[in-house]
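Asks: Provided herewith is a single structure, encoded as structure tokens, for subsequent inquiry.
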Amino acid sequence: MSVRGATKEAILTASIQLFNKYGFDQVTINQICKEINVTKTAFYYHFKSKDELISEVFSFDNMISNNDVLDILSVIDYADQAIKCMEIYVKHMVRLGVELTKENYRVHLRNQTLPLDKGKSSLLSSVIPTLVQRAKDAGQIKNPASAEDLLDSMCIIANGVILNWAIMGGSFDILEETRKRFEILLVV
């Protein structure tokens with residue numbers, strides 16, 4: 001398969017399957033390439049390292065599906081739409097599991113970045129602040145802070161709850177906990 005023939009999606013899909021089966025540390029780039037019959041050149045065309053690959057797996061913009069969009073649009077309340085947008089990321093963590101979530105945080109801690117970063121996501125940087133502002137204008141959010149500050153706080157809360165969930169081995173309902181924390185922040 002040529003470099004162009006090795007799609008980013010195929011590499012991501014194969015990697016997730018291998019990571020879930022053998023663990024992140026046990027899987028090599030050679031194994032990933034062998035799994036989908038591509039060269040290392042093809043892998044490196046899309047990713048500089050396994051760390052970059054894991055960051056891409058957890059990229060906010062890569063995880064929204066058509067069903068997620070329909071779910072967001074199914075509610076009329078802007079505050080609930082904003083919360084549902086943030087829940088997309090949380091649901092993705094649950095689907096990928098505790099071990100990959102821990103790995104994602106390890107990579108981000110080493111790089112001194114946050115996994116849930118509004119600067120890296122069009123959904124986080126434009127859509128959610130717009131929904132939050134609309135909710136404030138409609139009286140659905142009572143917190144007087146700016147939409148930007150509320151989004152920053154939602155990202156910090158989500159990162160904290162997700163990290164706690166991973167540390168605790170997934171022992172609590174992460175969706176219920178994040179929704180509760182968002183509702184407290186927004187005073188909905």
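Each chain in the structure tokens gets a letter, A, B, ..., in the order shown, and its residues are numbered from 1; ligands are numbered from 1 in order too.
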Return as a JSON list (two decimals) with C-alpha atoms, in the first residue's frame the full set of residues in chain A whose backbone-based DSSP assignment is helix (DSSP H, G or I).
Replies:
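So the final result, stored in part.json, reads:
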[["chain", "number", "residue", "atom", "x", "y", "z"],
["A", 8, "LYS", "CA", -5.08, 8.16, 8.64],
["A", 9, "GLU", "CA", -8.38, 6.55, 9.56],
["A", 10, "ALA", "CA", -7.08, 3.03, 8.84],
["A", 11, "ILE", "CA", -4.02, 3.64, 11.01],
["A", 12, "LEU", "CA", -6.16, 5.06, 13.83],
["A", 13, "THR", "CA", -8.64, 2.18, 13.68],
["A", 14, "ALA", "CA", -5.95, -0.51, 13.66],
["A", 15, "SER", "CA", -4.05, 1.22, 16.45],
["A", 16, "ILE", "CA", -7.07, 1.43, 18.73],
["A", 17, "GLN", "CA", -7.79, -2.28, 18.21],
["A", 18, "LEU", "CA", -4.18, -3.22, 18.96],
["A", 19, "PHE", "CA", -3.94, -0.90, 21.98],
["A", 20, "ASN", "CA", -7.13, -2.36, 23.43],
["A", 21, "LYS", "CA", -5.96, -5.91, 22.82],
["A", 22, "TYR", "CA", -2.32, -5.66, 23.97],
["A", 24, "PHE", "CA", -0.40, 0.90, 24.51],
["A", 25, "ASP", "CA", 3.14, 0.18, 25.72],
["A", 26, "GLN", "CA", 3.15, -3.31, 24.22],
["A", 29, "ILE", "CA", 4.72, 1.02, 15.23],
["A", 30, "ASN", "CA", 5.90, -2.07, 13.33],
["A", 31, "GLN", "CA", 2.88, -4.02, 14.64],
["A", 32, "ILE", "CA", 0.50, -1.26, 13.59],
["A", 33, "CYS", "CA", 2.02, -1.17, 10.11],
["A", 34, "LYS", "CA", 1.94, -4.96, 9.81],
["A", 35, "GLU", "CA", -1.72, -5.08, 10.92],
["A", 40, "LYS", "CA", 6.63, 2.71, 8.38],
["A", 41, "THR", "CA", 6.98, 5.54, 5.87],
["A", 42, "ALA", "CA", 3.19, 5.49, 5.49],
["A", 43, "PHE", "CA", 2.76, 5.63, 9.27],
["A", 44, "TYR", "CA", 5.22, 8.52, 9.62],
["A", 45, "TYR", "CA", 3.53, 10.34, 6.77],
["A", 46, "HIS", "CA", 0.53, 10.79, 9.10],
["A", 50, "LYS", "CA", 2.72, 6.85, 18.92],
["A", 51, "ASP", "CA", 2.23, 9.81, 21.25],
["A", 52, "GLU", "CA", 0.97, 11.95, 18.37],
["A", 53, "LEU", "CA", -1.25, 9.08, 17.28],
["A", 54, "ILE", "CA", -2.85, 8.75, 20.73],
["A", 55, "SER", "CA", -3.47, 12.50, 20.81],
["A", 56, "GLU", "CA", -5.22, 12.21, 17.46],
["A", 57, "VAL", "CA", -7.35, 9.31, 18.72],
["A", 60, "PHE", "CA", -12.30, 16.37, 20.01],
["A", 61, "ASP", "CA", -13.10, 17.21, 16.40],
["A", 62, "ASN", "CA", -12.44, 13.62, 15.25],
["A", 66, "ASN", "CA", -23.78, 12.38, 12.78],
["A", 67, "ASN", "CA", -25.66, 10.73, 15.66],
["A", 68, "ASP", "CA", -23.96, 13.10, 18.09],
["A", 69, "VAL", "CA", -25.06, 16.10, 16.03],
["A", 70, "LEU", "CA", -28.63, 14.77, 15.93],
["A", 71, "ASP", "CA", -28.54, 14.21, 19.69],
["A", 72, "ILE", "CA", -27.38, 17.80, 20.26],
["A", 73, "LEU", "CA", -30.05, 19.19, 17.95],
["A", 78, "TYR", "CA", -29.19, 25.92, 24.50],
["A", 79, "ALA", "CA", -27.64, 25.10, 27.88],
["A", 80, "ASP", "CA", -28.42, 21.41, 27.39],
["A", 81, "GLN", "CA", -26.99, 21.57, 23.84],
["A", 82, "ALA", "CA", -23.73, 23.01, 25.23],
["A", 83, "ILE", "CA", -23.58, 20.27, 27.87],
["A", 84, "LYS", "CA", -24.31, 17.60, 25.26],
["A", 85, "CYS", "CA", -21.42, 18.92, 23.15],
["A", 86, "MET", "CA", -19.06, 18.51, 26.09],
["A", 87, "GLU", "CA", -20.49, 15.06, 26.81],
["A", 88, "ILE", "CA", -19.35, 13.89, 23.37],
["A", 89, "TYR", "CA", -15.78, 13.96, 24.63],
["A", 90, "VAL", "CA", -16.69, 12.15, 27.83],
["A", 91, "LYS", "CA", -18.57, 9.43, 25.92],
["A", 92, "HIS", "CA", -15.52, 8.98, 23.72],
["A", 93, "MET", "CA", -13.38, 8.37, 26.82],
["A", 94, "VAL", "CA", -15.78, 5.70, 27.98],
["A", 95, "ARG", "CA", -15.73, 4.01, 24.53],
["A", 96, "LEU", "CA", -11.92, 4.02, 24.42],
["A", 98, "VAL", "CA", -9.68, 3.62, 31.14],
["A", 99, "GLU", "CA", -6.27, 2.42, 29.95],
["A", 100, "LEU", "CA", -6.22, 4.47, 26.72],
["A", 101, "THR", "CA", -7.57, 7.47, 28.62],
["A", 102, "LYS", "CA", -4.70, 7.15, 31.12],
["A", 103, "GLU", "CA", -2.27, 6.97, 28.21],
["A", 104, "ASN", "CA", -3.78, 10.08, 26.66],
["A", 105, "TYR", "CA", -3.32, 12.00, 29.91],
["A", 106, "ARG", "CA", 0.24, 10.67, 30.31],
["A", 107, "VAL", "CA", 1.14, 12.00, 26.85],
["A", 108, "HIS", "CA", -0.44, 15.37, 27.56],
["A", 109, "LEU", "CA", 1.18, 15.67, 30.99],
["A", 110, "ARG", "CA", 4.58, 14.96, 29.44],
["A", 118, "LYS", "CA", -10.44, 24.71, 23.15],
["A", 119, "GLY", "CA", -7.58, 26.02, 21.01],
["A", 120, "LYS", "CA", -7.42, 22.69, 19.18],
["A", 122, "SER", "CA", -13.54, 24.25, 16.28],
["A", 123, "LEU", "CA", -16.44, 22.77, 18.27],
["A", 124, "LEU", "CA", -14.91, 23.97, 21.52],
["A", 125, "SER", "CA", -13.68, 27.32, 20.25],
["A", 126, "SER", "CA", -16.79, 28.49, 18.40],
["A", 127, "VAL", "CA", -19.88, 26.30, 18.73],
["A", 128, "ILE", "CA", -20.02, 25.81, 22.50],
["A", 129, "PRO", "CA", -19.34, 29.46, 23.40],
["A", 130, "THR", "CA", -22.13, 30.46, 21.00],
["A", 131, "LEU", "CA", -24.53, 28.00, 22.62],
["A", 132, "VAL", "CA", -23.52, 29.18, 26.10],
["A", 133, "GLN", "CA", -24.09, 32.82, 25.12],
["A", 134, "ARG", "CA", -27.48, 31.98, 23.62],
["A", 135, "ALA", "CA", -28.38, 30.11, 26.81],
["A", 136, "LYS", "CA", -27.31, 33.13, 28.89],
["A", 137, "ASP", "CA", -29.38, 35.45, 26.67],
["A", 147, "ALA", "CA", -19.36, 32.48, 27.74],
["A", 148, "GLU", "CA", -15.58, 32.12, 27.20],
["A", 149, "ASP", "CA", -14.88, 31.85, 30.93],
["A", 150, "LEU", "CA", -17.69, 29.33, 31.32],
["A", 151, "LEU", "CA", -16.26, 27.24, 28.47],
["A", 152, "ASP", "CA", -12.80, 27.37, 30.06],
["A", 153, "SER", "CA", -14.33, 26.19, 33.34],
["A", 154, "MET", "CA", -16.26, 23.41, 31.59],
["A", 155, "CYS", "CA", -13.01, 22.18, 29.99],
["A", 156, "ILE", "CA", -11.21, 22.25, 33.35],
["A", 157, "ILE", "CA", -14.08, 20.40, 35.02],
["A", 158, "ALA", "CA", -14.22, 17.78, 32.25],
["A", 159, "ASN", "CA", -10.45, 17.23, 32.40],
["A", 160, "GLY", "CA", -10.63, 16.83, 36.19],
["A", 161, "VAL", "CA", -13.56, 14.44, 36.18],
["A", 162, "ILE", "CA", -12.07, 12.37, 33.34],
["A", 163, "LEU", "CA", -8.68, 12.15, 35.05],
["A", 164, "ASN", "CA", -10.34, 11.16, 38.34],
["A", 165, "TRP", "CA", -12.41, 8.53, 36.49],
["A", 166, "ALA", "CA", -9.25, 7.08, 34.93],
["A", 167, "ILE", "CA", -7.36, 7.07, 38.24],
["A", 174, "ILE", "CA", -18.54, 9.62, 34.43],
["A", 175, "LEU", "CA", -21.41, 11.01, 32.33],
["A", 176, "GLU", "CA", -23.59, 11.53, 35.38],
["A", 177, "GLU", "CA", -20.72, 13.18, 37.27],
["A", 178, "THR", "CA", -19.73, 15.57, 34.46],
["A", 179, "ARG", "CA", -23.34, 16.59, 33.82],
["A", 180, "LYS", "CA", -23.83, 17.27, 37.54],
["A", 181, "ARG", "CA", -20.66, 19.42, 37.66],
["A", 182, "PHE", "CA", -21.62, 21.33, 34.48],
["A", 183, "GLU", "CA", -25.09, 22.05, 35.86],
["A", 184, "ILE", "CA", -23.59, 23.34, 39.13],
["A", 185, "LEU", "CA", -21.22, 25.62, 37.19],
["A", 186, "LEU", "CA", -23.83, 26.94, 34.81]]
Asks: Work out how far apart CA of Met63 in chain A and CA of Gly97 in chain A are and give it in Å to one decimal.
Replies: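 Those two atoms sit 14.3 Å apart.
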Asks: Tell me, in Å to one decimal, how far CA of Phe47 in chain A is from CA of Asp117 in chain A.
Replies: 19.7 Å
Asks: I'd like the interatomic distance between CA of Gln140 in chain A and CA of Ser74 in chain A, to a tenth of an Å.
Replies: 16.7 Å
